[in-house]
Structure formats: C-alpha cells, structure tokens
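A.B. asks: The following block contains the structure, expressed as structure tokens.
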Amino acid sequence: MLRRSHTKSRKGCVQCKQRHVKCDEGRPLCRLCTLSQRECSFVTEAAGPDNLSVSGASSHESSISPGGGSSPDGPAESSGPVLSDASPILADMTSTASPLAAQSPDLTGTTGILQVADAAQATLGEALNLDHMELLIHAVCNNKDMFNLGDGSGGHTNADLANLQLGLQAGLDAPYLLHAMLAFSARHLAFLHPERAPAYLHRAVALQTRAVSLCNASWASSGSAAVDESNCVPVLLFATVLGHHVLADTLAQAQAQTSTTTTITAKDSSVSSRLDEFVAHYARCVDVHGGIYAVALAAWPLLLRSGLGAALAWSSGFTSRPPRGRHTARATELVDAAADLPDAEKAACRTAIQYLQVGFDAMLAGEDANDSEGDDEQGAEERQRARYQMLFLWTTLVPHEFTGLLLAKRPEALVVLAYYALLLHHGRAMWQVGGAGAAIVAMVAEYLGPDWEYWLAYPCEMVAACG
C-alpha cells in the first residue's frame, strides 16, 4: 500500500515515533498526545530516579500508581514542567506539584517554560470530555463540601456562591485555574467513592499536571513575571485550590502511615522513618501554601479592589486577632525554656503558636471553659465562618524557620505540630482531615517518648477524650 509522503520529525516525542505519526514537537506535551490523552516524553527529558512517583493517597486510594498505567480514563498524561525562574512567585507552589502526583523532570535547563506558540495549543477545549463535565458539575454542586476547611457550616452562603462564580469566570480566561478546580473535584470524588478512587485519583493527577503546564504557558504568553491586575485573581485562586489539594494529600499520607502501626518503642527506627516521611510531605505542603501568601502579599491592593476583596479583608482581620485563651500555654512555656534555640527560631515558634491559639479560640468559641469570652457578640454565622479557618490558614502562615525546625525534628517544633494536629482533630468531620490529627499526635508522642509526656499532655489527653 502506498504511504502518504511527509516530512519526518526528528525531534518528536517517543510516543509519536512509536505510532509512526508526525509529531509537532510541542513541549512538554505535543498536540497529538494531548488530544489523545497519551503520555508524552522526549528522549532529552528522561526523568531520573528521584523524579518518578510519590503517592500521598491513603491506603484505600493507592491501588494504582496515579502517575502511570491505565484507567477507565485512558493512559495518563505526562507530568508537566515546574515553573522556571521567569515566574518566581509560583515556582515554590508548583515545583513539587503535589505529594500525590508523579514528579516531573525539571525542563528549565532545556526548553524551560512552554513556548508562546505552544500556548495556543494549551486550551481547555482540546481535551474536553464528559469526564470533565462530571467534575465540573460536582465542583458547582459540592463547592461548599470540597472547600469546607474554611467553613464547616454546610450549605452555601452568598459569599461562597459569589466566589465560586468568580472562580468559574476567571477560569474561562485562565484555563490553568479551571483545570486545578477540576483536579480537586476529582480528588474529592476519590474520597466519596472509594470503589472508584483509582480512576478519580488518576484523573486528579493528570488534571493537576495539566494545570501547571497551562500556568507555564500563561506566564510565557504574558511576557511578564509580575502578578498584576490582569492575573492576580486567577493566580491567587489557582494557588489556593492547589493548596487545598496538596493539604488533602498530605493529611491522607499521615493517615496511611499510621493505618498499620503496631506497638513499638519510642525512637524505634520505623517511628523515625515514618515521621521523616510525613514531615517531608508536610514541608512541601508548607512551601506550596507559602506561594499563596506570596501572591496575596505581592498584589494585596489589587486584590482588595477585586471580587475577592471582601473575603480577603475578612481573612486578614481573622488572622490579626489577638490570641485570648491558654490552650497553647504549655507549648509557649517549652519554647521559652529552650536555652539552645536561637532567637529567630524561638520567634518563629512563638508566631506559629500564636496563630494556633487564634485557631483554638475560634474553634472552641462558646464551648470551652478556657475561652475567656465564650459566646461573644458575633452572630452564629460569623462564629461558624471563623471556626475552621485556621485548619487551612496555619500551614500558610507559619514562618519558614519553623519548617526548618520540623525537618530537623527539633522536639519543640514537633510539640507545636502536635498542637496543630489537635486543632485538626477538632475538625475531624472534614473529609480532608478524618483521623489525620490523631495520627500525627500519636506519631509525635511515639517518637519523642516518655520524657516529653508533660509537654504533650494536653494534645494527647484531648485527642483521647474526643475519641
């Protein structure tokens, strides 16, 4: 049979070469692989052993490798590149993508971010299908449940609906935002339907990876690395959705690590390795959330004039509240007594503790005898809005010096982490949290051992009392 003549593509992707079709050489994903939702890789971009896959899914969600293999959705897309130095604010957020996602090779040394010509190809319409419509409908109908770490009241308020509408509108002009929303919708569905979790997780990884690639394309086409009036809203919403996704994955990882825990002695090597793994995941989560803060800080005046202004002003007021209760008093006492802890690191721990106390004040308002003001003048809706805010915000607000102490497994920082875990445990009804708070408290107590029982008494006793 005669074959139609064509010009060979010598720099095409591996998949197109195997299929004997002409590749347009678009990177990181060529057009044909994007349209067919195939894995796309180039011989000059082979990932090393450290760039393969890391799963942050809980045990019932990890029956397949989310970054590869097949699923009812077809072959997985290749992971996209990390953002290059051309977009420094977002680089920290996307360099690790998600603890759940397969890590991608860093292409900044070869092609860098997507070329402007590729940006025209990176559109939502090319890969739109009924699966995406399912995720979009789920996001619209279940927005309150998906993002309930900010407000666990159930049901939609006018502000929630306005922000959802703003997000969808912004997503039409910024497809990376819409892909991130669909990815998180798939992540929520994986929790709701464990029997279909592998397929939904596979979809979540592919969409999140695509979101990062589209974000690269957006920065390339804009010709500017700055967050400005034209992009501040979609960039902040993208960072926030990504932050929720990564935190959900990280907390799932905490539960997965302790699901098969047996009785072992303190300082046992398995305890240490489990703690190392979780702290590494959580440190990456803090890095992603730090990107949210960086975006907000860089464009604060612009954001206050945007459709997000009212929500951001309220959040700023909440995080500026002075701590009232004494739930974290023992953690503060421990940090103050640490003679060998440098002043800068002490200050970082105190900042982290102060935000935790604000979280406990909001969480336990009107319910706890230690709350000096109890049921104050705020209306019930306002108290409910504030109640769960710090579950998400604390990871955004903790100083980077505190993260360094966690990675070093400094006991004082681990005790502070246990108090955050207690705050999480109070929100255990949230789908992202579940048993993560109790698991983290148990892991820290097990690692530190009996010598630290006094300092961990409050979180351990409260977790036991709450059940």
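Scheme for the structure tokens: letters A, B, ... for chains in order shown; per-chain residue numbers from 1; ligand numbers from 1 in order shown.
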Near Leu423 of chain A, within 8 Å and counting only C-alpha atoms, which residues show up once chain neighbours fewer than 4 positions away are dropped, as a PyMOL selection string?
C.D. replies: chain A and resi 356+359-360+363+391+419+427+437
A.B. asks: Listing only residues of segment 196-291 of chain A within 9 Å of segment 165-176 of chain A, what is the closest atom pair and its distance in Å (to one decimal) for each, using only C-alpha atoms, sorted by chain and residue number ascending, as a tab-separated table?
C.D. replies:
residue	atom	partner	partner_atom	distance
A:Gln208	CA	A:Tyr176	CA	8.7
A:Arg210	CA	A:Tyr176	CA	7.4
A:Ala211	CA	A:Tyr176	CA	4.3
A:Val212	CA	A:Tyr176	CA	6.7
A:Ser213	CA	A:Tyr176	CA	7.7
A:Leu214	CA	A:Tyr176	CA	5.1
A:Cys215	CA	A:Tyr176	CA	5.3
A:Asn216	CA	A:Tyr176	CA	8.9
A:Ser218	CA	A:Ala174	CA	7.7
A:Asn231	CA	A:Ala174	CA	8.4
A:Val233	CA	A:Ala170	CA	7.4
A:Pro234	CA	A:Ala170	CA	5.7
A:Val235	CA	A:Ala174	CA	8.6
A:Leu237	CA	A:Gly167	CA	7.0
A:Phe238	CA	A:Tyr176	CA	7.3
A.B. asks: If we count only C-alpha atoms and set the cut-off at 8 Å, which residues sit around Ala139 of chain A, ignoring sequence neighbours fewer than 6 positions away in its own chain? Please answer as a short mmCIF file (atom, residue, chain, number, x, y, z; two decimals) with C-alpha atoms, in the first residue's frame.
C.D. replies:
data_model
loop_
_atom_site.label_atom_id
_atom_site.label_comp_id
_atom_site.auth_asym_id
_atom_site.auth_seq_id
_atom_site.Cartn_x
_atom_site.Cartn_y
_atom_site.Cartn_z
CA MET A 146 -14.91 20.45 48.79
CA MET A 181 -10.55 23.14 40.16
CA LEU A 182 -11.40 20.02 38.17
CA SER A 185 -13.07 17.95 42.27
#
A.B. asks: From the set A:Ala442, A:Val398, A:Cys33, A:Leu406, which residue has the shortest atom-to-atom contact distance to Tyr293 of chain A, counting only C-alpha atoms?
C.D. replies: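 That would be A:Val398, the residue with the smallest distance to Tyr293 of chain A.
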A.B. asks: Need the shell around Ala298 of chain A: protein/DNA/RNA residues with any atom at most 10 Å away, counting only C-alpha atoms. Skip same-chain ones fewer than 5 positions apart. Format as a PyMOL selection string?
C.D. replies: chain A and resi 89+226-228+232+293+303
A.B. asks: Restricting the output to C-alpha atoms, write the selected residues as a short mmCIF file (atom, residue, chain, number, x, y, z; two decimals), in the first residue's frame.
C.D. replies:
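Okay, out-v1.cif is ready:
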data_model
loop_
_atom_site.label_atom_id
_atom_site.label_comp_id
_atom_site.auth_asym_id
_atom_site.auth_seq_id
_atom_site.Cartn_x
_atom_site.Cartn_y
_atom_site.Cartn_z
CA ILE A 89 6.32 33.59 42.98
CA ALA A 226 4.72 40.06 37.69
CA VAL A 227 1.38 39.48 39.35
CA ASP A 228 -0.74 42.41 38.14
CA CYS A 232 -3.93 38.50 40.31
CA TYR A 293 0.87 34.14 50.89
CA LEU A 303 -6.84 42.01 45.25
#
A.B. asks: Write out as number ranges by chain which residues come within 9 Å of segment 324-333 of chain A when counting only C-alpha atoms, dropping same-chain ones fewer than 5 positions away.
C.D. replies: A: 338, 349-350, 353-354, 356-358, 360-361, 370-373, 412, 415-416, 419, 454-456, 458
A.B. asks: Where in segment 206-251 of chain A does DSSP assign helix (DSSP H, G or I), given as a short mmCIF file (atom, residue, chain, number, x, y, z; two decimals) with all heavy atoms, in the first residue's frame?
C.D. replies:
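Resulting contents of out_20.cif:
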data_model
loop_
_atom_site.label_atom_id
_atom_site.label_comp_id
_atom_site.auth_asym_id
_atom_site.auth_seq_id
_atom_site.Cartn_x
_atom_site.Cartn_y
_atom_site.Cartn_z
N ALA A 206 -3.60 13.86 36.45
CA ALA A 206 -3.47 14.34 35.08
C ALA A 206 -3.91 15.79 34.96
O ALA A 206 -3.26 16.61 34.31
CB ALA A 206 -4.29 13.46 34.14
N LEU A 207 -5.02 16.13 35.61
CA LEU A 207 -5.54 17.49 35.52
C LEU A 207 -4.65 18.48 36.28
O LEU A 207 -4.44 19.61 35.82
CB LEU A 207 -6.97 17.55 36.06
CG LEU A 207 -8.03 16.94 35.14
CD1 LEU A 207 -9.32 16.68 35.91
CD2 LEU A 207 -8.29 17.86 33.96
N GLN A 208 -4.14 18.06 37.42
CA GLN A 208 -3.27 18.95 38.18
C GLN A 208 -1.97 19.21 37.40
O GLN A 208 -1.46 20.34 37.34
CB GLN A 208 -2.96 18.36 39.55
CG GLN A 208 -2.23 19.33 40.48
CD GLN A 208 -1.82 18.66 41.77
OE1 GLN A 208 -0.87 17.88 41.79
NE2 GLN A 208 -2.53 18.94 42.85
N THR A 209 -1.43 18.16 36.80
CA THR A 209 -0.23 18.30 35.98
C THR A 209 -0.49 19.24 34.80
O THR A 209 0.31 20.11 34.47
CB THR A 209 0.21 16.93 35.46
OG1 THR A 209 0.53 16.10 36.57
CG2 THR A 209 1.42 17.04 34.55
N ARG A 210 -1.64 19.07 34.17
CA ARG A 210 -2.01 19.93 33.05
C ARG A 210 -2.16 21.38 33.51
O ARG A 210 -1.79 22.32 32.79
CB ARG A 210 -3.31 19.42 32.42
CG ARG A 210 -3.69 20.15 31.15
CD ARG A 210 -2.72 19.85 30.05
NE ARG A 210 -3.16 20.42 28.78
CZ ARG A 210 -2.32 20.91 27.88
NH1 ARG A 210 -1.02 20.89 28.08
NH2 ARG A 210 -2.79 21.40 26.75
N ALA A 211 -2.72 21.58 34.70
CA ALA A 211 -2.89 22.93 35.23
C ALA A 211 -1.55 23.64 35.35
O ALA A 211 -1.42 24.82 35.00
CB ALA A 211 -3.59 22.88 36.59
N VAL A 212 -0.54 22.93 35.82
CA VAL A 212 0.79 23.53 35.95
C VAL A 212 1.36 23.89 34.58
O VAL A 212 1.93 24.96 34.38
CB VAL A 212 1.73 22.57 36.70
CG1 VAL A 212 3.15 23.12 36.72
CG2 VAL A 212 1.24 22.36 38.13
N SER A 213 1.19 22.99 33.61
CA SER A 213 1.68 23.27 32.26
C SER A 213 0.98 24.48 31.66
O SER A 213 1.60 25.32 31.01
CB SER A 213 1.46 22.05 31.36
OG SER A 213 2.23 20.95 31.79
N LEU A 214 -0.33 24.58 31.85
CA LEU A 214 -1.08 25.72 31.34
C LEU A 214 -0.66 27.01 32.04
O LEU A 214 -0.64 28.08 31.42
CB LEU A 214 -2.57 25.48 31.52
CG LEU A 214 -3.18 24.43 30.59
CD1 LEU A 214 -4.59 24.07 31.05
CD2 LEU A 214 -3.21 24.92 29.16
N CYS A 215 -0.34 26.90 33.31
CA CYS A 215 0.12 28.08 34.04
C CYS A 215 1.46 28.55 33.45
O CYS A 215 1.70 29.75 33.28
CB CYS A 215 0.26 27.76 35.52
SG CYS A 215 0.43 29.23 36.57
N ASN A 216 2.33 27.60 33.13
CA ASN A 216 3.58 27.94 32.45
C ASN A 216 3.30 28.69 31.16
O ASN A 216 3.94 29.71 30.85
CB ASN A 216 4.37 26.67 32.13
CG ASN A 216 5.07 26.09 33.34
OD1 ASN A 216 5.37 26.81 34.29
ND2 ASN A 216 5.32 24.80 33.30
N ALA A 217 2.36 28.17 30.38
CA ALA A 217 2.03 28.79 29.10
C ALA A 217 1.51 30.20 29.29
O ALA A 217 1.82 31.11 28.52
CB ALA A 217 0.99 27.94 28.38
N SER A 218 0.70 30.40 30.33
CA SER A 218 0.15 31.72 30.60
C SER A 218 1.24 32.73 30.92
O SER A 218 1.24 33.85 30.41
CB SER A 218 -0.85 31.63 31.75
OG SER A 218 -1.35 32.91 32.09
N TRP A 219 2.22 32.31 31.73
CA TRP A 219 3.32 33.21 32.06
C TRP A 219 4.17 33.51 30.83
O TRP A 219 4.64 34.63 30.62
CB TRP A 219 4.20 32.59 33.15
CG TRP A 219 3.58 32.71 34.51
CD1 TRP A 219 2.86 31.76 35.16
CD2 TRP A 219 3.61 33.85 35.37
NE1 TRP A 219 2.43 32.24 36.37
CE2 TRP A 219 2.88 33.51 36.53
CE3 TRP A 219 4.18 35.11 35.27
CZ2 TRP A 219 2.71 34.40 37.58
CZ3 TRP A 219 4.01 35.99 36.32
CH2 TRP A 219 3.28 35.64 37.47
N ALA A 220 4.37 32.51 29.98
CA ALA A 220 5.18 32.73 28.78
C ALA A 220 4.50 33.71 27.84
O ALA A 220 5.14 34.59 27.27
CB ALA A 220 5.43 31.40 28.08
N SER A 221 3.20 33.56 27.66
CA SER A 221 2.48 34.40 26.70
C SER A 221 2.30 35.82 27.21
O SER A 221 2.15 36.75 26.43
CB SER A 221 1.12 33.79 26.37
OG SER A 221 0.32 33.71 27.54
N SER A 222 2.30 36.00 28.53
CA SER A 222 2.11 37.35 29.09
C SER A 222 3.33 38.22 28.92
O SER A 222 3.23 39.45 28.93
CB SER A 222 1.74 37.26 30.57
OG SER A 222 2.85 36.83 31.33
N CYS A 232 -4.05 38.74 38.87
CA CYS A 232 -3.93 38.50 40.31
C CYS A 232 -5.04 37.60 40.84
O CYS A 232 -4.79 36.75 41.71
CB CYS A 232 -3.88 39.82 41.08
SG CYS A 232 -5.35 40.86 40.92
N VAL A 233 -6.26 37.76 40.33
CA VAL A 233 -7.37 36.93 40.84
C VAL A 233 -7.21 35.46 40.43
O VAL A 233 -7.23 34.58 41.30
CB VAL A 233 -8.73 37.49 40.37
CG1 VAL A 233 -9.86 36.50 40.67
CG2 VAL A 233 -9.02 38.82 41.07
N PRO A 234 -7.03 35.14 39.14
CA PRO A 234 -6.86 33.71 38.81
C PRO A 234 -5.62 33.10 39.42
O PRO A 234 -5.64 31.92 39.80
CB PRO A 234 -6.80 33.70 37.28
CG PRO A 234 -6.48 35.09 36.87
CD PRO A 234 -7.08 35.97 37.91
N VAL A 235 -4.52 33.86 39.54
CA VAL A 235 -3.30 33.30 40.13
C VAL A 235 -3.53 32.97 41.61
O VAL A 235 -3.14 31.89 42.08
CB VAL A 235 -2.12 34.26 39.95
CG1 VAL A 235 -0.94 33.84 40.83
CG2 VAL A 235 -1.68 34.31 38.50
N LEU A 236 -4.17 33.87 42.35
CA LEU A 236 -4.43 33.58 43.76
C LEU A 236 -5.40 32.42 43.93
O LEU A 236 -5.20 31.55 44.78
CB LEU A 236 -4.97 34.82 44.47
CG LEU A 236 -5.25 34.63 45.96
CD1 LEU A 236 -3.96 34.33 46.72
CD2 LEU A 236 -5.94 35.85 46.57
N LEU A 237 -6.44 32.37 43.11
CA LEU A 237 -7.38 31.26 43.19
C LEU A 237 -6.71 29.94 42.83
O LEU A 237 -6.95 28.91 43.47
CB LEU A 237 -8.58 31.52 42.28
CG LEU A 237 -9.53 32.63 42.72
CD1 LEU A 237 -10.60 32.87 41.67
CD2 LEU A 237 -10.17 32.29 44.06
N PHE A 238 -5.86 29.97 41.81
CA PHE A 238 -5.10 28.77 41.44
C PHE A 238 -4.23 28.31 42.60
O PHE A 238 -4.20 27.12 42.94
CB PHE A 238 -4.24 29.08 40.21
CG PHE A 238 -3.24 28.00 39.87
CD1 PHE A 238 -3.65 26.81 39.30
CD2 PHE A 238 -1.89 28.18 40.11
CE1 PHE A 238 -2.73 25.82 38.98
CE2 PHE A 238 -0.96 27.21 39.80
CZ PHE A 238 -1.38 26.02 39.22
N ALA A 239 -3.52 29.25 43.23
CA ALA A 239 -2.66 28.90 44.36
C ALA A 239 -3.47 28.33 45.51
O ALA A 239 -3.06 27.37 46.17
CB ALA A 239 -1.89 30.14 44.81
N THR A 240 -4.64 28.89 45.74
CA THR A 240 -5.48 28.44 46.85
C THR A 240 -6.03 27.05 46.60
O THR A 240 -6.02 26.18 47.48
CB THR A 240 -6.63 29.43 47.07
OG1 THR A 240 -6.09 30.73 47.34
CG2 THR A 240 -7.50 29.01 48.25
N VAL A 241 -6.54 26.81 45.38
CA VAL A 241 -7.05 25.47 45.05
C VAL A 241 -5.94 24.44 45.14
O VAL A 241 -6.12 23.34 45.70
CB VAL A 241 -7.69 25.48 43.65
CG1 VAL A 241 -8.10 24.05 43.24
CG2 VAL A 241 -8.91 26.39 43.61
N LEU A 242 -4.77 24.77 44.61
CA LEU A 242 -3.63 23.87 44.69
C LEU A 242 -3.26 23.61 46.15
O LEU A 242 -2.94 22.48 46.54
CB LEU A 242 -2.44 24.45 43.93
CG LEU A 242 -1.20 23.57 43.78
CD1 LEU A 242 -1.52 22.33 42.96
CD2 LEU A 242 -0.06 24.35 43.15
N GLY A 243 -3.33 24.65 46.98
CA GLY A 243 -3.03 24.48 48.40
C GLY A 243 -3.98 23.53 49.08
O GLY A 243 -3.57 22.68 49.88
N HIS A 244 -5.27 23.66 48.80
CA HIS A 244 -6.25 22.73 49.36
C HIS A 244 -5.96 21.30 48.91
O HIS A 244 -6.06 20.36 49.72
CB HIS A 244 -7.67 23.13 48.92
CG HIS A 244 -8.30 24.18 49.77
ND1 HIS A 244 -8.96 23.89 50.94
CD2 HIS A 244 -8.37 25.53 49.63
CE1 HIS A 244 -9.43 25.00 51.48
NE2 HIS A 244 -9.07 26.02 50.70
N HIS A 245 -5.62 21.14 47.66
CA HIS A 245 -5.36 19.80 47.11
C HIS A 245 -4.15 19.17 47.79
O HIS A 245 -4.18 18.00 48.22
CB HIS A 245 -5.12 19.93 45.60
CG HIS A 245 -5.25 18.65 44.85
ND1 HIS A 245 -5.66 18.58 43.54
CD2 HIS A 245 -4.99 17.36 45.21
CE1 HIS A 245 -5.66 17.31 43.14
NE2 HIS A 245 -5.25 16.56 44.13
N VAL A 246 -3.07 19.93 47.90
CA VAL A 246 -1.85 19.40 48.49
C VAL A 246 -2.05 19.08 49.98
O VAL A 246 -1.54 18.07 50.48
CB VAL A 246 -0.69 20.39 48.29
CG1 VAL A 246 0.55 19.93 49.05
CG2 VAL A 246 -0.37 20.53 46.81
N LEU A 247 -2.79 19.93 50.69
CA LEU A 247 -3.04 19.64 52.10
C LEU A 247 -3.86 18.37 52.27
O LEU A 247 -3.59 17.55 53.15
CB LEU A 247 -3.74 20.82 52.76
CG LEU A 247 -3.99 20.69 54.27
CD1 LEU A 247 -2.67 20.49 55.04
CD2 LEU A 247 -4.74 21.90 54.82
N ALA A 248 -4.87 18.18 51.42
CA ALA A 248 -5.66 16.95 51.48
C ALA A 248 -4.78 15.73 51.25
O ALA A 248 -4.90 14.71 51.96
CB ALA A 248 -6.79 17.00 50.44
N ASP A 249 -3.87 15.81 50.29
CA ASP A 249 -2.96 14.70 50.03
C ASP A 249 -2.03 14.44 51.21
O ASP A 249 -1.75 13.29 51.57
CB ASP A 249 -2.11 14.98 48.79
CG ASP A 249 -2.93 15.00 47.50
OD1 ASP A 249 -4.04 14.44 47.50
OD2 ASP A 249 -2.44 15.55 46.50
N THR A 250 -1.54 15.52 51.81
CA THR A 250 -0.60 15.39 52.93
C THR A 250 -1.26 14.75 54.14
O THR A 250 -0.68 13.88 54.80
CB THR A 250 -0.04 16.78 53.31
OG1 THR A 250 0.62 17.35 52.17
CG2 THR A 250 0.96 16.68 54.45
N LEU A 251 -2.49 15.16 54.42
CA LEU A 251 -3.20 14.58 55.57
C LEU A 251 -3.58 13.13 55.29
O LEU A 251 -3.58 12.29 56.21
CB LEU A 251 -4.44 15.42 55.89
CG LEU A 251 -4.14 16.86 56.34
CD1 LEU A 251 -5.44 17.61 56.63
CD2 LEU A 251 -3.22 16.88 57.56
#
A.B. asks: Just how far from atom CA of Asp145 of chain A is atom CA of Leu178 of chain A, in Å to one decimal?
C.D. replies: 17.8 Å
A.B. asks: So, with only C-alpha atoms as the atoms that count, which of A:Leu417, A:Val295, A:Val21, A:Ala362 lies closest to Phe318 of chain A?
C.D. replies: A:Ala362
A.B. asks: Taking only C-alpha atoms into account, name the residue in A:Tyr355, A:Phe402, A:Trp300, A:Trp431 that is nearest to Ser320 of chain A.
C.D. replies: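 Of all the options, A:Tyr355 lies closest to Ser320 of chain A.
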A.B. asks: Under the rule that only C-alpha atoms are counted, which of A:Leu422, A:Leu304, A:Ala436, A:Tyr447 is the nearest residue to Cys466 of chain A?
C.D. replies: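 Of A:Leu422, A:Leu304, A:Ala436, A:Tyr447, the one nearest Cys466 of chain A is A:Leu422, counting only C-alpha atoms.
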A.B. asks: If you count only C-alpha atoms, which residues fall within 10 Å of Leu405 of chain A, apart from same-chain ones fewer than 5 positions away, as a list in words?
C.D. replies: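 Contacts, with the query itself left out: Leu341, Glu345, Ala348, Cys349, His400, Arg410, Pro411, Glu412, Ala413 and Leu414 of chain A.
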A.B. asks: For Ala280 of chain A, which residue among A:Ala313, A:Gly404, A:Ala294, A:Ala347 is the nearest when counting only C-alpha atoms?
C.D. replies: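 That would be A:Gly404, the residue with the smallest distance to Ala280 of chain A.
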A.B. asks: Could you pull the residues within 12 Å of Phe191 of chain A, counting only C-alpha atoms, minus those fewer than 2 positions along the same chain, as number ranges by chain?
C.D. replies: A: 57-62, 145-146, 184-189, 193-201, 204, 248-249, 252, 430-434
A.B. asks: Could you write those residues out with C-alpha atoms, as a compact mmCIF listing (two decimals), in the first residue's frame?
C.D. replies:
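And here's result.txt as it stands now:
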# COMPACT_ATOMS: atom_id res chain seq x y z
CA ALA A 57 -3.09 8.90 48.85
CA SER A 58 -4.48 6.97 51.75
CA SER A 59 -4.26 3.20 51.70
CA HIS A 60 -7.69 2.66 50.20
CA GLU A 61 -6.86 5.08 47.38
CA SER A 62 -3.49 3.71 46.28
CA ASP A 145 -18.10 20.44 50.88
CA MET A 146 -14.91 20.45 48.79
CA PHE A 184 -9.53 18.98 43.18
CA SER A 185 -13.07 17.95 42.27
CA ALA A 186 -11.66 14.56 41.19
CA ARG A 187 -9.74 14.34 44.48
CA HIS A 188 -12.95 14.91 46.42
CA LEU A 189 -14.78 12.29 44.38
CA HIS A 193 -16.35 6.86 46.13
CA PRO A 194 -13.53 4.60 47.40
CA GLU A 195 -14.52 1.88 44.96
CA ARG A 196 -13.65 4.25 42.08
CA ALA A 197 -10.79 6.05 43.84
CA PRO A 198 -8.01 4.80 41.50
CA ALA A 199 -9.73 6.25 38.44
CA TYR A 200 -10.54 9.55 40.14
CA LEU A 201 -7.02 9.89 41.55
CA ALA A 204 -6.78 14.31 39.54
CA ALA A 248 -5.66 16.95 51.48
CA ASP A 249 -2.96 14.70 50.03
CA ALA A 252 -4.14 11.41 53.69
CA MET A 430 -13.92 17.37 57.44
CA TRP A 431 -13.29 14.98 54.58
CA GLN A 432 -9.69 16.15 54.19
CA VAL A 433 -8.88 15.58 57.87
CA GLY A 434 -10.54 12.43 59.17
A.B. asks: Just the number, please: distance in Å from atom CA of Met133 of chain A to atom CA of Leu29 of chain A, one decimal.
C.D. replies: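 Spanning atom CA of Met133 of chain A to atom CA of Leu29 of chain A is a straight-line distance of 22.6 Å.
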A.B. asks: Just the number, please: distance in Å from atom CA of Phe147 of chain A to atom CA of Ser306 of chain A, one decimal.
C.D. replies: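 These two atoms are separated by 20.7 Å.
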